[in-house]
Amino acid sequence: MNTSSHPTEWAVERLLPLPGHQPVAHQQTLHARDGMITRVGPAGATMPQAGSLAMPAFANAHDHGRGLPTLSCGIPDGPLEVWMSRLGVEPHTLSFLNTACAFARMACAGIGATVHCHNTQNGRALLQEATGVAKAAQAVGIRVAFAVPFAGANPFVYESEQRFQDIFTHPEHFPALTAPRHRRSLEEGLNIVDALAELESPTFNVQYGPVGPQWTDRATLETISDRSAATGRRVHIHFFETRPQREWADSMFPEGILQYFDSIGLLSPRLTLAHGVWLREHEIELLAARGVLLSCNISSNMRLASGLPPLPTILAKKLKFGIGLDGMSLEDDDDILREARLLRGIMQTLHPGLDGPGDTRDSTPLCFHALMRVGRECIVGQDNGGVLEAGRPADFVIVNTQRVMPTAIADDVLPELLLTRLTRQDVQALVVNGRTIVSDGRCQTVDLHDMENELHAIVQHALARGTPPIAPEWENSIRQYYRAQLHTQNRAQQR
Ligand SMILES: [Zn+2]
């Protein structure tokens, strides 16, 4: 196993410093030392492997590090507001095991960095769970940004004046409605951020993760905004994933929720919004002007029936966007190459025909930029990474092109061919911070196969005894609440 302190080198047939943006270089050797690329130049005596191609590592701009996808826990997909109520049946597992599996699977797909929005299993044990995630990040070796969750408001529906429990004929049949819930105080959350900051390393950092405006109060958002400005620490928040969230925000913030965010200083290049499906044009303009980043999570939006982000406006206003899997990739395989392909397809479909991004050929470079540069910025900030040049972080992936490119084609078309055909099965190696995480298509730092078996055994045992994920009466009450627009009955109220 290579370590970051020793000089190492990799010879490849082709090297794309940033696909679609810079020319393809042939027969190259990439040298690294202490986590940085020291030189990229013509291959020396070492013969590159046939079909080997190096490009920057991929970045997953939004995820939850689920070792076991929700479907494997027996939880069917559905609209977010209903689907979330099913998550309660997820079996508890050690956070190390759960996230190490997720990170190692991502690594095998070429993902060198990810945002981890932590879903707590036990709200009282967040620090302990987070320490497990930090250990998993260290063991696997990809870069992880841990977004510390700040939440607690509106656990069941986005309430306004009418309480959720009031719509039940027999609320006493549902003890969850009135059961005391543990809610971390703002102070506790901030202390956890500070404690976790002690574990920061070149490949692990901590972010503020207010889970979403409908789950967080104003005092929390304002304090986080101030702390982020004072410390430079990034903020990561789910935002406008679904239509009910948009409607709730319109009713709770008559002045405009993003105008409110702006007034408290939250809109800055340190902020990432996940989803943004229901953003309006003037909001996209404001976000772009403030340098805010967006994570597009197309597969998740499809599977959770959320809608699609307004990509033509996002492109027109030049809002910077990365690509996130949200633990919900289309085929539950964390294949972010397929996700990039999906994003390109949707981008071209929403603005069809002449002069659209499919005609101007902007779509391919934009998707690679999202996959390698902007997504990375969501995780590590502006660290100069995501381009294979001397003096930049040594984070790259080596794929084998023999399957997808049986005949040599012109360099000009190569980025499009890669985006059209590559999948995770073509990933041969992943290097992060100069350390080899994947080689020969296998994770070298942890035994993924063993860990997955262990996880499956725990989950199978738990599921055999578990409760069914769908509680029809409860779910119908959620639907009833939103159908009656009870989440928007707040127009006169200013909190
Ligand atoms: Zn998410």
# chains A, B, ... in the order shown; residues from 1 in each chain; ligands from 1
call {"tool": "select_by_dssp", "arguments": {"residues": "range 57-159 of chain A", "states": "helix (DSSP H, G or I)", "output": "PyMOL selection string"}}
result
chain A and resi 70-73+80-89+95-108+123-140
call {"tool": "select_by_dssp", "arguments": {"residues": "range 396-456 of chain A", "states": "strand (DSSP E or B)", "output": "PDB file with all heavy atoms, in the first residue's frame"}}
result
ATOM      1  N   PHE A 396      -6.953  11.205  -7.811  1.00  0.00           N
ATOM      2  CA  PHE A 396      -7.316  10.867  -9.197  1.00  0.00           C
ATOM      3  C   PHE A 396      -7.793   9.434  -9.299  1.00  0.00           C
ATOM      4  O   PHE A 396      -7.613   8.614  -8.401  1.00  0.00           O
ATOM      5  CB  PHE A 396      -6.147  11.125 -10.152  1.00  0.00           C
ATOM      6  CG  PHE A 396      -4.876  10.437  -9.760  1.00  0.00           C
ATOM      7  CD1 PHE A 396      -4.600   9.159 -10.223  1.00  0.00           C
ATOM      8  CD2 PHE A 396      -3.958  11.061  -8.927  1.00  0.00           C
ATOM      9  CE1 PHE A 396      -3.422   8.518  -9.860  1.00  0.00           C
ATOM     10  CE2 PHE A 396      -2.783  10.428  -8.565  1.00  0.00           C
ATOM     11  CZ  PHE A 396      -2.522   9.151  -9.022  1.00  0.00           C
ATOM     12  N   VAL A 397      -8.429   9.190 -10.435  1.00  0.00           N
ATOM     13  CA  VAL A 397      -8.969   7.869 -10.695  1.00  0.00           C
ATOM     14  C   VAL A 397      -8.315   7.374 -11.988  1.00  0.00           C
ATOM     15  O   VAL A 397      -8.003   8.171 -12.873  1.00  0.00           O
ATOM     16  CB  VAL A 397     -10.519   7.962 -10.771  1.00  0.00           C
ATOM     17  CG1 VAL A 397     -10.992   8.851 -11.874  1.00  0.00           C
ATOM     18  CG2 VAL A 397     -11.172   6.627 -10.862  1.00  0.00           C
ATOM     19  N   ILE A 398      -8.036   6.084 -12.042  1.00  0.00           N
ATOM     20  CA  ILE A 398      -7.545   5.499 -13.297  1.00  0.00           C
ATOM     21  C   ILE A 398      -8.583   4.481 -13.751  1.00  0.00           C
ATOM     22  O   ILE A 398      -8.942   3.566 -12.996  1.00  0.00           O
ATOM     23  CB  ILE A 398      -6.160   4.836 -13.115  1.00  0.00           C
ATOM     24  CG1 ILE A 398      -5.128   5.898 -12.697  1.00  0.00           C
ATOM     25  CG2 ILE A 398      -5.721   4.145 -14.409  1.00  0.00           C
ATOM     26  CD1 ILE A 398      -3.749   5.344 -12.389  1.00  0.00           C
ATOM     27  N   VAL A 399      -9.099   4.698 -14.944  1.00  0.00           N
ATOM     28  CA  VAL A 399     -10.087   3.756 -15.495  1.00  0.00           C
ATOM     29  C   VAL A 399      -9.416   2.964 -16.609  1.00  0.00           C
ATOM     30  O   VAL A 399      -8.386   3.374 -17.146  1.00  0.00           O
ATOM     31  CB  VAL A 399     -11.332   4.482 -16.059  1.00  0.00           C
ATOM     32  CG1 VAL A 399     -12.073   5.231 -14.963  1.00  0.00           C
ATOM     33  CG2 VAL A 399     -10.963   5.432 -17.195  1.00  0.00           C
ATOM     34  N   ASN A 400     -10.026   1.840 -16.955  1.00  0.00           N
ATOM     35  CA  ASN A 400      -9.572   1.102 -18.124  1.00  0.00           C
ATOM     36  C   ASN A 400     -10.606   1.274 -19.231  1.00  0.00           C
ATOM     37  O   ASN A 400     -11.785   0.981 -19.027  1.00  0.00           O
ATOM     38  CB  ASN A 400      -9.366  -0.382 -17.800  1.00  0.00           C
ATOM     39  CG  ASN A 400      -8.646  -1.069 -18.946  1.00  0.00           C
ATOM     40  OD1 ASN A 400      -9.124  -1.060 -20.076  1.00  0.00           O
ATOM     41  ND2 ASN A 400      -7.491  -1.636 -18.669  1.00  0.00           N
ATOM     42  N   VAL A 427     -13.580   1.306 -13.329  1.00  0.00           N
ATOM     43  CA  VAL A 427     -12.635   1.964 -12.416  1.00  0.00           C
ATOM     44  C   VAL A 427     -11.599   0.949 -11.945  1.00  0.00           C
ATOM     45  O   VAL A 427     -11.939  -0.077 -11.363  1.00  0.00           O
ATOM     46  CB  VAL A 427     -13.381   2.581 -11.205  1.00  0.00           C
ATOM     47  CG1 VAL A 427     -12.392   3.081 -10.156  1.00  0.00           C
ATOM     48  CG2 VAL A 427     -14.301   3.705 -11.675  1.00  0.00           C
ATOM     49  N   GLN A 428     -10.341   1.250 -12.224  1.00  0.00           N
ATOM     50  CA  GLN A 428      -9.248   0.357 -11.839  1.00  0.00           C
ATOM     51  C   GLN A 428      -8.577   0.802 -10.549  1.00  0.00           C
ATOM     52  O   GLN A 428      -8.238  -0.013  -9.713  1.00  0.00           O
ATOM     53  CB  GLN A 428      -8.189   0.341 -12.951  1.00  0.00           C
ATOM     54  CG  GLN A 428      -8.645  -0.358 -14.202  1.00  0.00           C
ATOM     55  CD  GLN A 428      -8.858  -1.838 -13.955  1.00  0.00           C
ATOM     56  OE1 GLN A 428      -7.942  -2.538 -13.549  1.00  0.00           O
ATOM     57  NE2 GLN A 428     -10.072  -2.312 -14.155  1.00  0.00           N
ATOM     58  N   ALA A 429      -8.375   2.111 -10.426  1.00  0.00           N
ATOM     59  CA  ALA A 429      -7.617   2.614  -9.267  1.00  0.00           C
ATOM     60  C   ALA A 429      -8.163   3.956  -8.811  1.00  0.00           C
ATOM     61  O   ALA A 429      -8.713   4.719  -9.612  1.00  0.00           O
ATOM     62  CB  ALA A 429      -6.136   2.761  -9.637  1.00  0.00           C
ATOM     63  N   LEU A 430      -8.039   4.185  -7.521  1.00  0.00           N
ATOM     64  CA  LEU A 430      -8.387   5.481  -6.959  1.00  0.00           C
ATOM     65  C   LEU A 430      -7.268   5.884  -6.003  1.00  0.00           C
ATOM     66  O   LEU A 430      -6.873   5.093  -5.135  1.00  0.00           O
ATOM     67  CB  LEU A 430      -9.715   5.413  -6.189  1.00  0.00           C
ATOM     68  CG  LEU A 430     -10.075   6.692  -5.417  1.00  0.00           C
ATOM     69  CD1 LEU A 430     -10.478   7.815  -6.370  1.00  0.00           C
ATOM     70  CD2 LEU A 430     -11.203   6.436  -4.412  1.00  0.00           C
ATOM     71  N   VAL A 431      -6.773   7.079  -6.184  1.00  0.00           N
ATOM     72  CA  VAL A 431      -5.735   7.617  -5.306  1.00  0.00           C
ATOM     73  C   VAL A 431      -6.285   8.883  -4.672  1.00  0.00           C
ATOM     74  O   VAL A 431      -6.836   9.742  -5.370  1.00  0.00           O
ATOM     75  CB  VAL A 431      -4.443   7.917  -6.105  1.00  0.00           C
ATOM     76  CG1 VAL A 431      -3.417   8.632  -5.240  1.00  0.00           C
ATOM     77  CG2 VAL A 431      -3.861   6.625  -6.673  1.00  0.00           C
ATOM     78  N   VAL A 432      -6.199   8.978  -3.352  1.00  0.00           N
ATOM     79  CA  VAL A 432      -6.688  10.162  -2.644  1.00  0.00           C
ATOM     80  C   VAL A 432      -5.585  10.650  -1.719  1.00  0.00           C
ATOM     81  O   VAL A 432      -5.034   9.863  -0.936  1.00  0.00           O
ATOM     82  CB  VAL A 432      -7.965   9.847  -1.826  1.00  0.00           C
ATOM     83  CG1 VAL A 432      -8.388  11.066  -1.010  1.00  0.00           C
ATOM     84  CG2 VAL A 432      -9.100   9.403  -2.732  1.00  0.00           C
ATOM     85  N   ARG A 435      -2.590   8.557  -1.551  1.00  0.00           N
ATOM     86  CA  ARG A 435      -2.689   7.196  -0.998  1.00  0.00           C
ATOM     87  C   ARG A 435      -3.551   6.340  -1.926  1.00  0.00           C
ATOM     88  O   ARG A 435      -4.626   6.776  -2.356  1.00  0.00           O
ATOM     89  CB  ARG A 435      -3.337   7.289   0.384  1.00  0.00           C
ATOM     90  CG  ARG A 435      -3.580   5.969   1.090  1.00  0.00           C
ATOM     91  CD  ARG A 435      -4.318   6.247   2.415  1.00  0.00           C
ATOM     92  NE  ARG A 435      -4.598   5.025   3.146  1.00  0.00           N
ATOM     93  CZ  ARG A 435      -5.457   4.958   4.158  1.00  0.00           C
ATOM     94  NH1 ARG A 435      -6.114   6.036   4.555  1.00  0.00           N
ATOM     95  NH2 ARG A 435      -5.665   3.809   4.784  1.00  0.00           N
ATOM     96  N   THR A 436      -3.085   5.142  -2.230  1.00  0.00           N
ATOM     97  CA  THR A 436      -3.858   4.251  -3.103  1.00  0.00           C
ATOM     98  C   THR A 436      -4.994   3.615  -2.304  1.00  0.00           C
ATOM     99  O   THR A 436      -4.748   2.869  -1.355  1.00  0.00           O
ATOM    100  CB  THR A 436      -2.960   3.150  -3.697  1.00  0.00           C
ATOM    101  OG1 THR A 436      -1.933   3.781  -4.450  1.00  0.00           O
ATOM    102  CG2 THR A 436      -3.764   2.238  -4.607  1.00  0.00           C
ATOM    103  N   ILE A 437      -6.219   3.918  -2.683  1.00  0.00           N
ATOM    104  CA  ILE A 437      -7.384   3.386  -1.977  1.00  0.00           C
ATOM    105  C   ILE A 437      -7.925   2.170  -2.717  1.00  0.00           C
ATOM    106  O   ILE A 437      -8.330   1.188  -2.113  1.00  0.00           O
ATOM    107  CB  ILE A 437      -8.514   4.457  -1.892  1.00  0.00           C
ATOM    108  CG1 ILE A 437      -7.972   5.814  -1.422  1.00  0.00           C
ATOM    109  CG2 ILE A 437      -9.658   3.963  -1.008  1.00  0.00           C
ATOM    110  CD1 ILE A 437      -7.405   5.837  -0.045  1.00  0.00           C
ATOM    111  N   VAL A 438      -7.925   2.261  -4.048  1.00  0.00           N
ATOM    112  CA  VAL A 438      -8.423   1.163  -4.886  1.00  0.00           C
ATOM    113  C   VAL A 438      -7.345   0.822  -5.889  1.00  0.00           C
ATOM    114  O   VAL A 438      -6.740   1.725  -6.487  1.00  0.00           O
ATOM    115  CB  VAL A 438      -9.711   1.601  -5.635  1.00  0.00           C
ATOM    116  CG1 VAL A 438     -10.167   0.521  -6.623  1.00  0.00           C
ATOM    117  CG2 VAL A 438     -10.835   1.931  -4.656  1.00  0.00           C
ATOM    118  N   SER A 439      -7.057  -0.464  -6.055  1.00  0.00           N
ATOM    119  CA  SER A 439      -6.260  -0.869  -7.215  1.00  0.00           C
ATOM    120  C   SER A 439      -6.790  -2.209  -7.697  1.00  0.00           C
ATOM    121  O   SER A 439      -7.410  -2.954  -6.925  1.00  0.00           O
ATOM    122  CB  SER A 439      -4.760  -0.914  -6.899  1.00  0.00           C
ATOM    123  OG  SER A 439      -4.463  -1.980  -6.061  1.00  0.00           O
ATOM    124  N   ARG A 442     -10.306  -3.142  -6.736  1.00  0.00           N
ATOM    125  CA  ARG A 442     -10.697  -3.556  -5.382  1.00  0.00           C
ATOM    126  C   ARG A 442     -10.206  -2.561  -4.339  1.00  0.00           C
ATOM    127  O   ARG A 442      -9.116  -2.025  -4.456  1.00  0.00           O
ATOM    128  CB  ARG A 442     -10.099  -4.941  -5.056  1.00  0.00           C
ATOM    129  CG  ARG A 442     -10.758  -6.079  -5.818  1.00  0.00           C
ATOM    130  CD  ARG A 442      -9.975  -7.364  -5.558  1.00  0.00           C
ATOM    131  NE  ARG A 442     -10.016  -7.725  -4.146  1.00  0.00           N
ATOM    132  CZ  ARG A 442     -10.953  -8.509  -3.602  1.00  0.00           C
ATOM    133  NH1 ARG A 442     -11.901  -9.014  -4.355  1.00  0.00           N
ATOM    134  NH2 ARG A 442     -10.930  -8.782  -2.321  1.00  0.00           N
ATOM    135  N   CYS A 443     -11.025  -2.385  -3.312  1.00  0.00           N
ATOM    136  CA  CYS A 443     -10.628  -1.510  -2.222  1.00  0.00           C
ATOM    137  C   CYS A 443      -9.474  -2.164  -1.469  1.00  0.00           C
ATOM    138  O   CYS A 443      -9.572  -3.318  -1.044  1.00  0.00           O
ATOM    139  CB  CYS A 443     -11.813  -1.254  -1.286  1.00  0.00           C
ATOM    140  SG  CYS A 443     -11.411  -0.041  -0.019  1.00  0.00           S
TER     141      CYS A 443
END
call {"tool": "residues_around", "arguments": {"residues": "range 408-415 of chain A", "least_positions_apart": "6", "cutoff": "10 Å", "atoms": "only C-alpha atoms", "output": "ChimeraX atom specification"}}
result
/A:14,16,18-21,23-26,51,364-365,368,401-402
call {"tool": "residues_near_ligand", "arguments": {"ligand": "ligand 1", "cutoff": "7 Å", "atoms": "only C-alpha atoms and all ligand atoms", "output": "list in words"}}
result
His62, Asp63, His64, Cys117, His238, Ala274 and Asp326 of chain A
call {"tool": "closest_residue", "arguments": {"among": "A:Val12, A:Leu366, A:Leu127, A:Ala289", "to": "Gly44 in chain A", "atoms": "only C-alpha atoms"}}
result
A:Val12
call {"tool": "residues_around", "arguments": {"residues": "range 170-186 of chain A", "least_positions_apart": "2", "cutoff": "7 Å", "atoms": "only C-alpha atoms", "output": "PyMOL selection string"}}
result
chain A and resi 123+152+165+168+188-190+220
call {"tool": "write_last_selection", "arguments": {"atoms": "N, CA and C atoms", "output": "compact mmCIF listing (two decimals), in the first residue's frame"}}
result
# COMPACT_ATOMS: atom_id res chain seq x y z
N GLY A 123 -30.24 9.81 18.90
CA GLY A 123 -29.97 11.24 19.02
C GLY A 123 -29.06 11.59 20.18
N GLY A 152 -34.85 19.01 14.68
CA GLY A 152 -35.69 18.80 15.85
C GLY A 152 -37.09 19.34 15.64
N GLN A 165 -51.18 16.17 15.17
CA GLN A 165 -51.94 15.23 16.00
C GLN A 165 -53.43 15.55 16.01
N PHE A 168 -55.91 13.42 13.75
CA PHE A 168 -56.20 12.01 14.04
C PHE A 168 -57.51 11.91 14.82
N GLU A 188 -25.68 22.08 22.53
CA GLU A 188 -25.13 20.72 22.41
C GLU A 188 -24.59 20.47 21.01
N GLY A 189 -25.35 20.89 20.01
CA GLY A 189 -24.92 20.71 18.63
C GLY A 189 -23.59 21.42 18.35
N LEU A 190 -23.49 22.65 18.84
CA LEU A 190 -22.26 23.42 18.61
C LEU A 190 -21.08 22.78 19.32
N THR A 220 -31.12 28.82 15.36
CA THR A 220 -30.06 27.90 14.94
C THR A 220 -29.42 28.38 13.64
call {"tool": "atom_distance", "arguments": {"atom1": "CA of Gln28 in chain A", "atom2": "CA of Pro48 in chain A"}}
result
8.2 Å
call {"tool": "closest_atom_pairs", "arguments": {"of": "range 133-169 of chain A", "to": "range 68-82 of chain A", "cutoff": "12 Å", "atoms": "only C-alpha atoms", "output": "CSV"}}
result
residue,atom,partner,partner_atom,distance
A:Asn154,CA,A:Glu81,CA,11.3
A:Pro155,CA,A:Glu81,CA,10.4
A:Phe156,CA,A:Glu81,CA,8.2
A:Val157,CA,A:Glu81,CA,7.1
A:Tyr158,CA,A:Glu81,CA,8.9
call {"tool": "closest_residue", "arguments": {"among": "A:Val446, A:Leu293, A:Met47, A:Ala107", "to": "Asp333 in chain A", "atoms": "only C-alpha atoms"}}
result
A:Ala107
call {"tool": "closest_atom_pairs", "arguments": {"of": "range 262-281 of chain A", "to": "range 375-383 of chain A", "cutoff": "8 Å", "atoms": "only C-alpha atoms", "output": "JSON lines"}}
result
{"residue": "A:Arg270", "atom": "CA", "partner": "A:Gly381", "partner_atom": "CA", "distance": 7.3}
{"residue": "A:Leu271", "atom": "CA", "partner": "A:Cys378", "partner_atom": "CA", "distance": 7.9}
{"residue": "A:Thr272", "atom": "CA", "partner": "A:Cys378", "partner_atom": "CA", "distance": 6.2}
call {"tool": "closest_residue", "arguments": {"among": "A:Thr93, A:Asn205, A:Gln214, A:Asn191", "to": "Ala134 in chain A", "atoms": "only C-alpha atoms"}}
result
A:Asn205
call {"tool": "closest_residue", "arguments": {"among": "A:Thr131, A:Ala113, A:Asp166, A:Glu475", "to": "Gly386 in chain A", "atoms": "only C-alpha atoms"}}
result
A:Ala113
call {"tool": "atom_distance", "arguments": {"atom1": "CA of Pro244 in chain A", "atom2": "CA of Tyr482 in chain A"}}
result
7.3 Å
call {"tool": "residues_around", "arguments": {"residues": "Pro312 in chain A", "least_positions_apart": "3", "cutoff": "12 Å", "atoms": "only C-alpha atoms", "output": "ChimeraX atom specification"}}
result
/A:279-281,284,308-309,315-319,343-344,346-352,355-358,363
call {"tool": "decode", "arguments": {"residues": "range 398-454 of chain A", "atoms": "C-alpha atoms", "output": "PDB file, in the first residue's frame"}}
result
ATOM      1  CA  ILE A 398      -7.545   5.499 -13.297  1.00  0.00           C
ATOM      2  CA  VAL A 399     -10.087   3.756 -15.495  1.00  0.00           C
ATOM      3  CA  ASN A 400      -9.572   1.102 -18.124  1.00  0.00           C
ATOM      4  CA  THR A 401     -11.083   2.113 -21.440  1.00  0.00           C
ATOM      5  CA  GLN A 402     -10.769  -1.222 -23.258  1.00  0.00           C
ATOM      6  CA  ARG A 403     -14.416  -2.157 -22.698  1.00  0.00           C
ATOM      7  CA  VAL A 404     -15.870   1.205 -23.691  1.00  0.00           C
ATOM      8  CA  MET A 405     -13.404   2.133 -26.428  1.00  0.00           C
ATOM      9  CA  PRO A 406     -12.563  -0.927 -28.554  1.00  0.00           C
ATOM     10  CA  THR A 407     -11.288   1.344 -31.330  1.00  0.00           C
ATOM     11  CA  ALA A 408      -9.263   4.525 -30.853  1.00  0.00           C
ATOM     12  CA  ILE A 409     -11.249   7.712 -31.468  1.00  0.00           C
ATOM     13  CA  ALA A 410     -10.319  11.375 -31.872  1.00  0.00           C
ATOM     14  CA  ASP A 411      -9.315  13.112 -28.637  1.00  0.00           C
ATOM     15  CA  ASP A 412     -11.985  15.745 -29.236  1.00  0.00           C
ATOM     16  CA  VAL A 413     -14.776  13.185 -28.774  1.00  0.00           C
ATOM     17  CA  LEU A 414     -13.155  11.306 -25.893  1.00  0.00           C
ATOM     18  CA  PRO A 415     -14.867  13.204 -23.026  1.00  0.00           C
ATOM     19  CA  GLU A 416     -18.283  12.538 -24.565  1.00  0.00           C
ATOM     20  CA  LEU A 417     -17.482   8.878 -25.081  1.00  0.00           C
ATOM     21  CA  LEU A 418     -16.351   8.534 -21.465  1.00  0.00           C
ATOM     22  CA  LEU A 419     -19.465  10.261 -20.126  1.00  0.00           C
ATOM     23  CA  THR A 420     -21.684   8.139 -22.348  1.00  0.00           C
ATOM     24  CA  ARG A 421     -20.179   4.730 -21.634  1.00  0.00           C
ATOM     25  CA  LEU A 422     -18.041   4.503 -18.500  1.00  0.00           C
ATOM     26  CA  THR A 423     -19.470   2.838 -15.405  1.00  0.00           C
ATOM     27  CA  ARG A 424     -18.027   1.877 -12.050  1.00  0.00           C
ATOM     28  CA  GLN A 425     -16.925  -1.477 -13.457  1.00  0.00           C
ATOM     29  CA  ASP A 426     -14.244   0.353 -15.482  1.00  0.00           C
ATOM     30  CA  VAL A 427     -12.635   1.964 -12.416  1.00  0.00           C
ATOM     31  CA  GLN A 428      -9.248   0.357 -11.839  1.00  0.00           C
ATOM     32  CA  ALA A 429      -7.617   2.614  -9.267  1.00  0.00           C
ATOM     33  CA  LEU A 430      -8.387   5.481  -6.959  1.00  0.00           C
ATOM     34  CA  VAL A 431      -5.735   7.617  -5.306  1.00  0.00           C
ATOM     35  CA  VAL A 432      -6.688  10.162  -2.644  1.00  0.00           C
ATOM     36  CA  ASN A 433      -4.188  12.493  -1.010  1.00  0.00           C
ATOM     37  CA  GLY A 434      -1.481  10.407  -2.676  1.00  0.00           C
ATOM     38  CA  ARG A 435      -2.689   7.196  -0.998  1.00  0.00           C
ATOM     39  CA  THR A 436      -3.858   4.251  -3.103  1.00  0.00           C
ATOM     40  CA  ILE A 437      -7.384   3.386  -1.977  1.00  0.00           C
ATOM     41  CA  VAL A 438      -8.423   1.163  -4.886  1.00  0.00           C
ATOM     42  CA  SER A 439      -6.260  -0.869  -7.215  1.00  0.00           C
ATOM     43  CA  ASP A 440      -7.191  -3.656  -9.620  1.00  0.00           C
ATOM     44  CA  GLY A 441     -10.772  -2.523  -9.051  1.00  0.00           C
ATOM     45  CA  ARG A 442     -10.697  -3.556  -5.382  1.00  0.00           C
ATOM     46  CA  CYS A 443     -10.628  -1.510  -2.222  1.00  0.00           C
ATOM     47  CA  GLN A 444      -7.163  -1.981  -0.699  1.00  0.00           C
ATOM     48  CA  THR A 445      -7.667  -0.199   2.607  1.00  0.00           C
ATOM     49  CA  VAL A 446     -10.542  -2.211   4.095  1.00  0.00           C
ATOM     50  CA  ASP A 447     -12.106  -5.582   3.279  1.00  0.00           C
ATOM     51  CA  LEU A 448     -15.386  -4.485   1.751  1.00  0.00           C
ATOM     52  CA  HIS A 449     -16.604  -8.017   1.144  1.00  0.00           C
ATOM     53  CA  ASP A 450     -16.182  -9.056   4.790  1.00  0.00           C
ATOM     54  CA  MET A 451     -17.733  -5.864   6.087  1.00  0.00           C
ATOM     55  CA  GLU A 452     -20.733  -6.196   3.803  1.00  0.00           C
ATOM     56  CA  ASN A 453     -21.290  -9.766   4.954  1.00  0.00           C
ATOM     57  CA  GLU A 454     -21.183  -8.627   8.556  1.00  0.00           C
TER      58      GLU A 454
END
